[in-house]
Amino acid sequence: MTTVLTVDVGNSRVKLRLWGARAAADLPVRGVERRLGKLLDGWREEGLSPDAALLTSVATPERTRAIVRVLGDFCRSVVLDPEPPLENRYERPEEVGRDRLYAASGAYVLLGRSAVVVDAGTALTVDALRVEGSKGVFCGGSIFPGPELLAQALARRTAKLPRFVPEPWGRACGRSTLDALRGGVALGFRGAASWLVESLAREAEIEQAPVVLTGGARRFLLEPFPFTERELRVEPDLVAVGLLVSGGFGELLDSREERG
């Protein structure tokens, strides 16, 4: 059976998924080259040798090249940024992050209809996918800081506010500085996401579109309850799905068990 490794290098984490085999990993970006080599050596010992690796990266060119070299020692072929199956209507198409295009491509393949694609991670991206006939169109979207960035900005740019770890829950009427910070970040982030979804759906003329949610900070939009009243689909592997389809291996999606 064909096996394909998808690698999504984000700002803080590297997510790997081996399609056609039940293997996955989530590694920190810092020092990832060494960790990745050890991980892949372990997979090789288990007899897992992918036919191809599909990679997208928002890391520096130097780090991306280093990751490609590590993958090249493990996989028969490595493809960086395969072409997404969407029309890109950004004014300057080369400016849009490829991870956003892959997330939208994943939503297009899984839903087959227009959607608002929300990726909550280091940054929050809220993008419009519009389906016109049999064609998927990436219309654009918005970018907002994620919870960790919001918390870091408050600590770094103020003299007396403490560092803190943001949590999904909080209250607007905090009765301590820490409660006020946690509530502000948690509720502010949820509020921003909700407002951006509704504004984007209206502007992109996809008013009835569902929301497809992914990203490592998605729990901030799900706990204690979903942030939107729209139809909501949570897809942790959305970028990987988009990578897989863009690389021409969409048939691996037929096995729902493999996606787990």
# chains A, B, ... in the order shown; residues from 1 in each chain; ligands from 1
>>> select_by_dssp(residues="range 40-260 of chain A", states="helix (DSSP H, G or I)", output="count of residues only")
94
>>> closest_atom_pairs(of="range 194-240 of chain A", to="range 25-35 of chain A", cutoff="12 Å", atoms="only C-alpha atoms", output="CSV")
residue,atom,partner,partner_atom,distance
A:Gly216,CA,A:Asp26,CA,10.2
A:Pro236,CA,A:Asp26,CA,12.0
A:Asp237,CA,A:Asp26,CA,11.6
>>> residues_around(residues="Phe189 in chain A", least_positions_apart="4", cutoff="7 Å", atoms="only C-alpha atoms", output="mmCIF file with N, CA, C and O atoms, in the first residue's frame")
data_model
loop_
_atom_site.group_PDB
_atom_site.id
_atom_site.type_symbol
_atom_site.label_atom_id
_atom_site.label_comp_id
_atom_site.auth_asym_id
_atom_site.auth_seq_id
_atom_site.Cartn_x
_atom_site.Cartn_y
_atom_site.Cartn_z
ATOM 1 N N PRO A 147 -3.685 33.101 21.003
ATOM 2 C CA PRO A 147 -3.678 33.348 22.447
ATOM 3 C C PRO A 147 -2.289 33.549 23.031
ATOM 4 O O PRO A 147 -2.087 34.439 23.867
ATOM 5 N N VAL A 185 -7.781 37.675 27.317
ATOM 6 C CA VAL A 185 -7.223 36.934 26.186
ATOM 7 C C VAL A 185 -8.204 35.870 25.695
ATOM 8 O O VAL A 185 -8.484 35.770 24.497
ATOM 9 N N ALA A 193 -12.548 35.890 16.830
ATOM 10 C CA ALA A 193 -12.790 34.814 15.875
ATOM 11 C C ALA A 193 -14.239 34.830 15.391
ATOM 12 O O ALA A 193 -14.513 34.707 14.190
#
>>> residues_around(residues="Phe144 in chain A", least_positions_apart="3", cutoff="8 Å", atoms="only C-alpha atoms", output="count of residues only")
3
>>> residues_around(residues="Asp8 in chain A", least_positions_apart="3", cutoff="6 Å", atoms="only C-alpha atoms", output="PyMOL selection string")
chain A and resi 14-15+56
>>> write_last_selection(atoms="N, CA, C and O atoms", output="short mmCIF file (atom, residue, chain, number, x, y, z; two decimals), in the first residue's frame")
data_model
loop_
_atom_site.label_atom_id
_atom_site.label_comp_id
_atom_site.auth_asym_id
_atom_site.auth_seq_id
_atom_site.Cartn_x
_atom_site.Cartn_y
_atom_site.Cartn_z
N VAL A 14 5.85 21.34 14.51
CA VAL A 14 5.94 20.60 13.25
C VAL A 14 5.04 19.38 13.37
O VAL A 14 5.24 18.53 14.25
N LYS A 15 4.05 19.29 12.49
CA LYS A 15 3.09 18.19 12.55
C LYS A 15 3.34 17.22 11.41
O LYS A 15 3.39 17.64 10.24
N THR A 56 5.14 21.53 3.68
CA THR A 56 4.94 22.97 3.61
C THR A 56 5.53 23.58 4.86
O THR A 56 5.53 22.95 5.93
#
>>> residues_around(residues="range 238-251 of chain A", least_positions_apart="3", cutoff="8 Å", atoms="only C-alpha atoms", output="PDB file with all heavy atoms, in the first residue's frame")
ATOM      1  N   VAL A   4       2.389   7.913   2.412  1.00  0.00           N
ATOM      2  CA  VAL A   4       2.836   9.278   2.151  1.00  0.00           C
ATOM      3  C   VAL A   4       2.945  10.023   3.468  1.00  0.00           C
ATOM      4  O   VAL A   4       2.028   9.969   4.304  1.00  0.00           O
ATOM      5  CB  VAL A   4       1.864  10.013   1.196  1.00  0.00           C
ATOM      6  CG1 VAL A   4       2.282  11.469   1.023  1.00  0.00           C
ATOM      7  CG2 VAL A   4       1.819   9.317  -0.153  1.00  0.00           C
ATOM      8  N   THR A   6       3.035  13.587   5.317  1.00  0.00           N
ATOM      9  CA  THR A   6       2.789  15.024   5.202  1.00  0.00           C
ATOM     10  C   THR A   6       3.469  15.708   6.373  1.00  0.00           C
ATOM     11  O   THR A   6       3.418  15.245   7.513  1.00  0.00           O
ATOM     12  CB  THR A   6       1.287  15.355   5.202  1.00  0.00           C
ATOM     13  OG1 THR A   6       0.651  14.789   6.361  1.00  0.00           O
ATOM     14  CG2 THR A   6       0.626  14.823   3.942  1.00  0.00           C
ATOM     15  N   VAL A   7       4.115  16.842   6.087  1.00  0.00           N
ATOM     16  CA  VAL A   7       4.879  17.582   7.088  1.00  0.00           C
ATOM     17  C   VAL A   7       4.459  19.046   7.024  1.00  0.00           C
ATOM     18  O   VAL A   7       4.669  19.717   6.012  1.00  0.00           O
ATOM     19  CB  VAL A   7       6.396  17.461   6.845  1.00  0.00           C
ATOM     20  CG1 VAL A   7       7.172  18.146   7.971  1.00  0.00           C
ATOM     21  CG2 VAL A   7       6.811  16.002   6.714  1.00  0.00           C
ATOM     22  N   ASP A   8       3.882  19.526   8.114  1.00  0.00           N
ATOM     23  CA  ASP A   8       3.410  20.911   8.215  1.00  0.00           C
ATOM     24  C   ASP A   8       4.287  21.620   9.241  1.00  0.00           C
ATOM     25  O   ASP A   8       4.144  21.415  10.443  1.00  0.00           O
ATOM     26  CB  ASP A   8       1.937  20.918   8.633  1.00  0.00           C
ATOM     27  CG  ASP A   8       1.406  22.324   8.877  1.00  0.00           C
ATOM     28  OD1 ASP A   8       2.050  23.296   8.426  1.00  0.00           O
ATOM     29  OD2 ASP A   8       0.349  22.440   9.525  1.00  0.00           O
ATOM     30  N   ARG A  17       2.250  13.426   9.642  1.00  0.00           N
ATOM     31  CA  ARG A  17       1.235  12.374   9.551  1.00  0.00           C
ATOM     32  C   ARG A  17       1.627  11.411   8.454  1.00  0.00           C
ATOM     33  O   ARG A  17       1.894  11.825   7.316  1.00  0.00           O
ATOM     34  CB  ARG A  17      -0.134  12.996   9.250  1.00  0.00           C
ATOM     35  CG  ARG A  17      -1.281  11.983   9.184  1.00  0.00           C
ATOM     36  CD  ARG A  17      -1.574  11.386  10.555  1.00  0.00           C
ATOM     37  NE  ARG A  17      -2.547  10.328  10.480  1.00  0.00           N
ATOM     38  CZ  ARG A  17      -3.838  10.453  10.751  1.00  0.00           C
ATOM     39  NH1 ARG A  17      -4.316  11.630  11.111  1.00  0.00           N
ATOM     40  NH2 ARG A  17      -4.652   9.428  10.694  1.00  0.00           N
ATOM     41  N   LEU A  54       5.443  15.116   1.552  1.00  0.00           N
ATOM     42  CA  LEU A  54       4.879  16.380   1.088  1.00  0.00           C
ATOM     43  C   LEU A  54       5.040  17.400   2.206  1.00  0.00           C
ATOM     44  O   LEU A  54       4.571  17.180   3.320  1.00  0.00           O
ATOM     45  CB  LEU A  54       3.410  16.208   0.727  1.00  0.00           C
ATOM     46  CG  LEU A  54       3.089  15.087  -0.272  1.00  0.00           C
ATOM     47  CD1 LEU A  54       1.584  14.908  -0.405  1.00  0.00           C
ATOM     48  CD2 LEU A  54       3.714  15.390  -1.630  1.00  0.00           C
ATOM     49  N   LEU A  55       5.701  18.503   1.910  1.00  0.00           N
ATOM     50  CA  LEU A  55       6.126  19.451   2.942  1.00  0.00           C
ATOM     51  C   LEU A  55       5.649  20.855   2.640  1.00  0.00           C
ATOM     52  O   LEU A  55       5.728  21.321   1.499  1.00  0.00           O
ATOM     53  CB  LEU A  55       7.656  19.435   3.039  1.00  0.00           C
ATOM     54  CG  LEU A  55       8.341  20.538   3.853  1.00  0.00           C
ATOM     55  CD1 LEU A  55       8.095  20.340   5.342  1.00  0.00           C
ATOM     56  CD2 LEU A  55       9.845  20.562   3.563  1.00  0.00           C
ATOM     57  N   THR A  56       5.145  21.531   3.678  1.00  0.00           N
ATOM     58  CA  THR A  56       4.941  22.968   3.607  1.00  0.00           C
ATOM     59  C   THR A  56       5.529  23.582   4.861  1.00  0.00           C
ATOM     60  O   THR A  56       5.525  22.955   5.932  1.00  0.00           O
ATOM     61  CB  THR A  56       3.459  23.347   3.451  1.00  0.00           C
ATOM     62  OG1 THR A  56       3.353  24.758   3.194  1.00  0.00           O
ATOM     63  CG2 THR A  56       2.646  23.010   4.699  1.00  0.00           C
ATOM     64  N   VAL A  79       8.565  16.556  -1.813  1.00  0.00           N
ATOM     65  CA  VAL A  79       7.958  17.627  -2.610  1.00  0.00           C
ATOM     66  C   VAL A  79       7.630  18.781  -1.682  1.00  0.00           C
ATOM     67  O   VAL A  79       6.871  18.627  -0.717  1.00  0.00           O
ATOM     68  CB  VAL A  79       6.675  17.138  -3.320  1.00  0.00           C
ATOM     69  CG1 VAL A  79       6.067  18.276  -4.133  1.00  0.00           C
ATOM     70  CG2 VAL A  79       6.987  15.937  -4.202  1.00  0.00           C
ATOM     71  N   ASP A  81       5.794  22.218  -1.080  1.00  0.00           N
ATOM     72  CA  ASP A  81       4.679  23.058  -1.527  1.00  0.00           C
ATOM     73  C   ASP A  81       4.064  22.609  -2.853  1.00  0.00           C
ATOM     74  O   ASP A  81       4.121  23.332  -3.863  1.00  0.00           O
ATOM     75  CB  ASP A  81       5.126  24.525  -1.642  1.00  0.00           C
ATOM     76  CG  ASP A  81       5.375  25.165  -0.297  1.00  0.00           C
ATOM     77  OD1 ASP A  81       4.772  24.713   0.692  1.00  0.00           O
ATOM     78  OD2 ASP A  81       6.167  26.124  -0.232  1.00  0.00           O
ATOM     79  N   PRO A  82       3.452  21.419  -2.886  1.00  0.00           N
ATOM     80  CA  PRO A  82       2.722  21.020  -4.096  1.00  0.00           C
ATOM     81  C   PRO A  82       1.590  22.009  -4.388  1.00  0.00           C
ATOM     82  O   PRO A  82       1.087  22.672  -3.491  1.00  0.00           O
ATOM     83  CB  PRO A  82       2.179  19.634  -3.738  1.00  0.00           C
ATOM     84  CG  PRO A  82       2.151  19.607  -2.238  1.00  0.00           C
ATOM     85  CD  PRO A  82       3.306  20.441  -1.792  1.00  0.00           C
ATOM     86  N   GLU A  83       1.210  22.097  -5.627  1.00  0.00           N
ATOM     87  CA  GLU A  83       0.239  23.104  -6.059  1.00  0.00           C
ATOM     88  C   GLU A  83      -1.171  22.780  -5.559  1.00  0.00           C
ATOM     89  O   GLU A  83      -1.711  21.722  -5.870  1.00  0.00           O
ATOM     90  CB  GLU A  83       0.225  23.214  -7.579  1.00  0.00           C
ATOM     91  CG  GLU A  83      -0.544  24.412  -8.108  1.00  0.00           C
ATOM     92  CD  GLU A  83       0.063  25.738  -7.672  1.00  0.00           C
ATOM     93  OE1 GLU A  83       1.283  25.802  -7.453  1.00  0.00           O
ATOM     94  OE2 GLU A  83      -0.710  26.710  -7.554  1.00  0.00           O
ATOM     95  N   PRO A  84      -1.786  23.689  -4.775  1.00  0.00           N
ATOM     96  CA  PRO A  84      -3.142  23.433  -4.277  1.00  0.00           C
ATOM     97  C   PRO A  84      -4.167  23.460  -5.411  1.00  0.00           C
ATOM     98  O   PRO A  84      -3.997  24.176  -6.399  1.00  0.00           O
ATOM     99  CB  PRO A  84      -3.388  24.596  -3.294  1.00  0.00           C
ATOM    100  CG  PRO A  84      -2.032  25.148  -2.989  1.00  0.00           C
ATOM    101  CD  PRO A  84      -1.223  24.939  -4.234  1.00  0.00           C
ATOM    102  N   PRO A  85      -5.266  22.699  -5.265  1.00  0.00           N
ATOM    103  CA  PRO A  85      -6.278  22.613  -6.325  1.00  0.00           C
ATOM    104  C   PRO A  85      -7.316  23.731  -6.240  1.00  0.00           C
ATOM    105  O   PRO A  85      -8.513  23.486  -6.437  1.00  0.00           O
ATOM    106  CB  PRO A  85      -6.911  21.245  -6.052  1.00  0.00           C
ATOM    107  CG  PRO A  85      -6.852  21.115  -4.567  1.00  0.00           C
ATOM    108  CD  PRO A  85      -5.551  21.768  -4.155  1.00  0.00           C
ATOM    109  N   ASP A  99       0.168  27.355   3.990  1.00  0.00           N
ATOM    110  CA  ASP A  99      -0.624  26.586   4.954  1.00  0.00           C
ATOM    111  C   ASP A  99      -2.085  26.987   4.899  1.00  0.00           C
ATOM    112  O   ASP A  99      -2.981  26.142   5.062  1.00  0.00           O
ATOM    113  CB  ASP A  99      -0.071  26.762   6.369  1.00  0.00           C
ATOM    114  CG  ASP A  99       0.048  28.218   6.790  1.00  0.00           C
ATOM    115  OD1 ASP A  99       0.142  29.105   5.922  1.00  0.00           O
ATOM    116  OD2 ASP A  99       0.083  28.473   8.012  1.00  0.00           O
ATOM    117  N   ARG A 100      -2.364  28.273   4.634  1.00  0.00           N
ATOM    118  CA  ARG A 100      -3.748  28.720   4.492  1.00  0.00           C
ATOM    119  C   ARG A 100      -4.395  28.096   3.257  1.00  0.00           C
ATOM    120  O   ARG A 100      -5.559  27.680   3.293  1.00  0.00           O
ATOM    121  CB  ARG A 100      -3.806  30.247   4.410  1.00  0.00           C
ATOM    122  CG  ARG A 100      -3.357  30.948   5.677  1.00  0.00           C
ATOM    123  CD  ARG A 100      -3.167  32.437   5.462  1.00  0.00           C
ATOM    124  NE  ARG A 100      -4.425  33.117   5.141  1.00  0.00           N
ATOM    125  CZ  ARG A 100      -4.484  34.383   4.723  1.00  0.00           C
ATOM    126  NH1 ARG A 100      -3.372  35.086   4.530  1.00  0.00           N
ATOM    127  NH2 ARG A 100      -5.662  34.927   4.471  1.00  0.00           N
ATOM    128  N   LEU A 101      -3.641  28.011   2.179  1.00  0.00           N
ATOM    129  CA  LEU A 101      -4.175  27.402   0.956  1.00  0.00           C
ATOM    130  C   LEU A 101      -4.434  25.910   1.147  1.00  0.00           C
ATOM    131  O   LEU A 101      -5.429  25.372   0.650  1.00  0.00           O
ATOM    132  CB  LEU A 101      -3.204  27.620  -0.198  1.00  0.00           C
ATOM    133  CG  LEU A 101      -3.036  29.061  -0.694  1.00  0.00           C
ATOM    134  CD1 LEU A 101      -1.954  29.125  -1.763  1.00  0.00           C
ATOM    135  CD2 LEU A 101      -4.352  29.609  -1.228  1.00  0.00           C
ATOM    136  N   TYR A 102      -3.561  25.236   1.882  1.00  0.00           N
ATOM    137  CA  TYR A 102      -3.762  23.804   2.109  1.00  0.00           C
ATOM    138  C   TYR A 102      -4.945  23.551   3.041  1.00  0.00           C
ATOM    139  O   TYR A 102      -5.694  22.590   2.854  1.00  0.00           O
ATOM    140  CB  TYR A 102      -2.492  23.166   2.656  1.00  0.00           C
ATOM    141  CG  TYR A 102      -1.362  23.169   1.667  1.00  0.00           C
ATOM    142  CD1 TYR A 102      -0.102  23.644   2.021  1.00  0.00           C
ATOM    143  CD2 TYR A 102      -1.541  22.718   0.366  1.00  0.00           C
ATOM    144  CE1 TYR A 102       0.942  23.664   1.113  1.00  0.00           C
ATOM    145  CE2 TYR A 102      -0.506  22.746  -0.555  1.00  0.00           C
ATOM    146  CZ  TYR A 102       0.736  23.222  -0.174  1.00  0.00           C
ATOM    147  OH  TYR A 102       1.757  23.254  -1.094  1.00  0.00           O
ATOM    148  N   ALA A 103      -5.108  24.401   4.048  1.00  0.00           N
ATOM    149  CA  ALA A 103      -6.275  24.255   4.922  1.00  0.00           C
ATOM    150  C   ALA A 103      -7.562  24.432   4.117  1.00  0.00           C
ATOM    151  O   ALA A 103      -8.520  23.665   4.261  1.00  0.00           O
ATOM    152  CB  ALA A 103      -6.215  25.261   6.068  1.00  0.00           C
ATOM    153  N   ALA A 104      -7.592  25.450   3.251  1.00  0.00           N
ATOM    154  CA  ALA A 104      -8.771  25.666   2.410  1.00  0.00           C
ATOM    155  C   ALA A 104      -8.963  24.509   1.434  1.00  0.00           C
ATOM    156  O   ALA A 104     -10.097  24.089   1.159  1.00  0.00           O
ATOM    157  CB  ALA A 104      -8.640  26.993   1.655  1.00  0.00           C
ATOM    158  N   SER A 105      -7.859  23.956   0.908  1.00  0.00           N
ATOM    159  CA  SER A 105      -7.951  22.812  -0.001  1.00  0.00           C
ATOM    160  C   SER A 105      -8.518  21.595   0.716  1.00  0.00           C
ATOM    161  O   SER A 105      -9.327  20.849   0.156  1.00  0.00           O
ATOM    162  CB  SER A 105      -6.564  22.476  -0.569  1.00  0.00           C
ATOM    163  OG  SER A 105      -6.046  23.544  -1.331  1.00  0.00           O
ATOM    164  N   GLY A 106      -8.086  21.401   1.974  1.00  0.00           N
ATOM    165  CA  GLY A 106      -8.630  20.301   2.761  1.00  0.00           C
ATOM    166  C   GLY A 106     -10.125  20.441   2.965  1.00  0.00           C
ATOM    167  O   GLY A 106     -10.885  19.468   2.836  1.00  0.00           O
ATOM    168  N   ALA A 107     -10.569  21.672   3.282  1.00  0.00           N
ATOM    169  CA  ALA A 107     -12.002  21.916   3.460  1.00  0.00           C
ATOM    170  C   ALA A 107     -12.764  21.675   2.158  1.00  0.00           C
ATOM    171  O   ALA A 107     -13.876  21.121   2.163  1.00  0.00           O
ATOM    172  CB  ALA A 107     -12.221  23.341   3.954  1.00  0.00           C
ATOM    173  N   VAL A 109     -12.026  19.617  -0.302  1.00  0.00           N
ATOM    174  CA  VAL A 109     -12.110  18.189  -0.597  1.00  0.00           C
ATOM    175  C   VAL A 109     -13.072  17.489   0.352  1.00  0.00           C
ATOM    176  O   VAL A 109     -13.869  16.638  -0.065  1.00  0.00           O
ATOM    177  CB  VAL A 109     -10.707  17.551  -0.525  1.00  0.00           C
ATOM    178  CG1 VAL A 109     -10.804  16.042  -0.565  1.00  0.00           C
ATOM    179  CG2 VAL A 109      -9.835  18.059  -1.658  1.00  0.00           C
ATOM    180  N   THR A 214      -9.524  24.132  12.612  1.00  0.00           N
ATOM    181  CA  THR A 214      -8.326  23.336  12.832  1.00  0.00           C
ATOM    182  C   THR A 214      -7.346  24.155  13.655  1.00  0.00           C
ATOM    183  O   THR A 214      -7.624  25.288  14.040  1.00  0.00           O
ATOM    184  CB  THR A 214      -7.712  22.907  11.474  1.00  0.00           C
ATOM    185  OG1 THR A 214      -6.746  21.888  11.683  1.00  0.00           O
ATOM    186  CG2 THR A 214      -7.078  24.079  10.752  1.00  0.00           C
ATOM    187  N   GLU A 235     -11.552  19.602  12.222  1.00  0.00           N
ATOM    188  CA  GLU A 235     -10.665  18.719  11.454  1.00  0.00           C
ATOM    189  C   GLU A 235      -9.215  18.992  11.870  1.00  0.00           C
ATOM    190  O   GLU A 235      -8.544  19.862  11.315  1.00  0.00           O
ATOM    191  CB  GLU A 235     -10.828  18.969   9.952  1.00  0.00           C
ATOM    192  CG  GLU A 235     -12.119  18.463   9.363  1.00  0.00           C
ATOM    193  CD  GLU A 235     -12.152  16.943   9.264  1.00  0.00           C
ATOM    194  OE1 GLU A 235     -11.071  16.311   9.370  1.00  0.00           O
ATOM    195  OE2 GLU A 235     -13.248  16.387   9.067  1.00  0.00           O
ATOM    196  N   ASP A 254      -9.684   7.862   1.420  1.00  0.00           N
ATOM    197  CA  ASP A 254     -10.818   6.947   1.403  1.00  0.00           C
ATOM    198  C   ASP A 254     -10.895   6.094   2.660  1.00  0.00           C
ATOM    199  O   ASP A 254     -11.965   5.629   3.036  1.00  0.00           O
ATOM    200  CB  ASP A 254     -10.749   6.028   0.170  1.00  0.00           C
ATOM    201  CG  ASP A 254     -10.958   6.793  -1.114  1.00  0.00           C
ATOM    202  OD1 ASP A 254     -11.535   7.903  -1.045  1.00  0.00           O
ATOM    203  OD2 ASP A 254     -10.541   6.312  -2.173  1.00  0.00           O
TER     204      ASP A 254
END
>>> select_by_dssp(residues="range 45-198 of chain A", states="strand (DSSP E)", output="number ranges by chain")
A: 52-57, 78-80, 87-88, 115-120, 123-132, 135-145
>>> atom_distance(atom1="CA of Leu187 in chain A", atom2="CA of Val118 in chain A")
16.7 Å
>>> closest_residue(among="A:Ala201, A:Ala151, A:Leu252, A:Gly191", to="Pro226 in chain A", atoms="only C-alpha atoms")
A:Gly191
>>> atom_distance(atom1="CA of Ser142 in chain A", atom2="CA of Leu129 in chain A")
12.6 Å
>>> atom_distance(atom1="CA of Val234 in chain A", atom2="CA of Arg130 in chain A")
18.5 Å
>>> residues_around(residues="Gly133 in chain A", least_positions_apart="4", cutoff="12 Å", atoms="only C-alpha atoms", output="PyMOL selection string")
chain A and resi 112-114+137
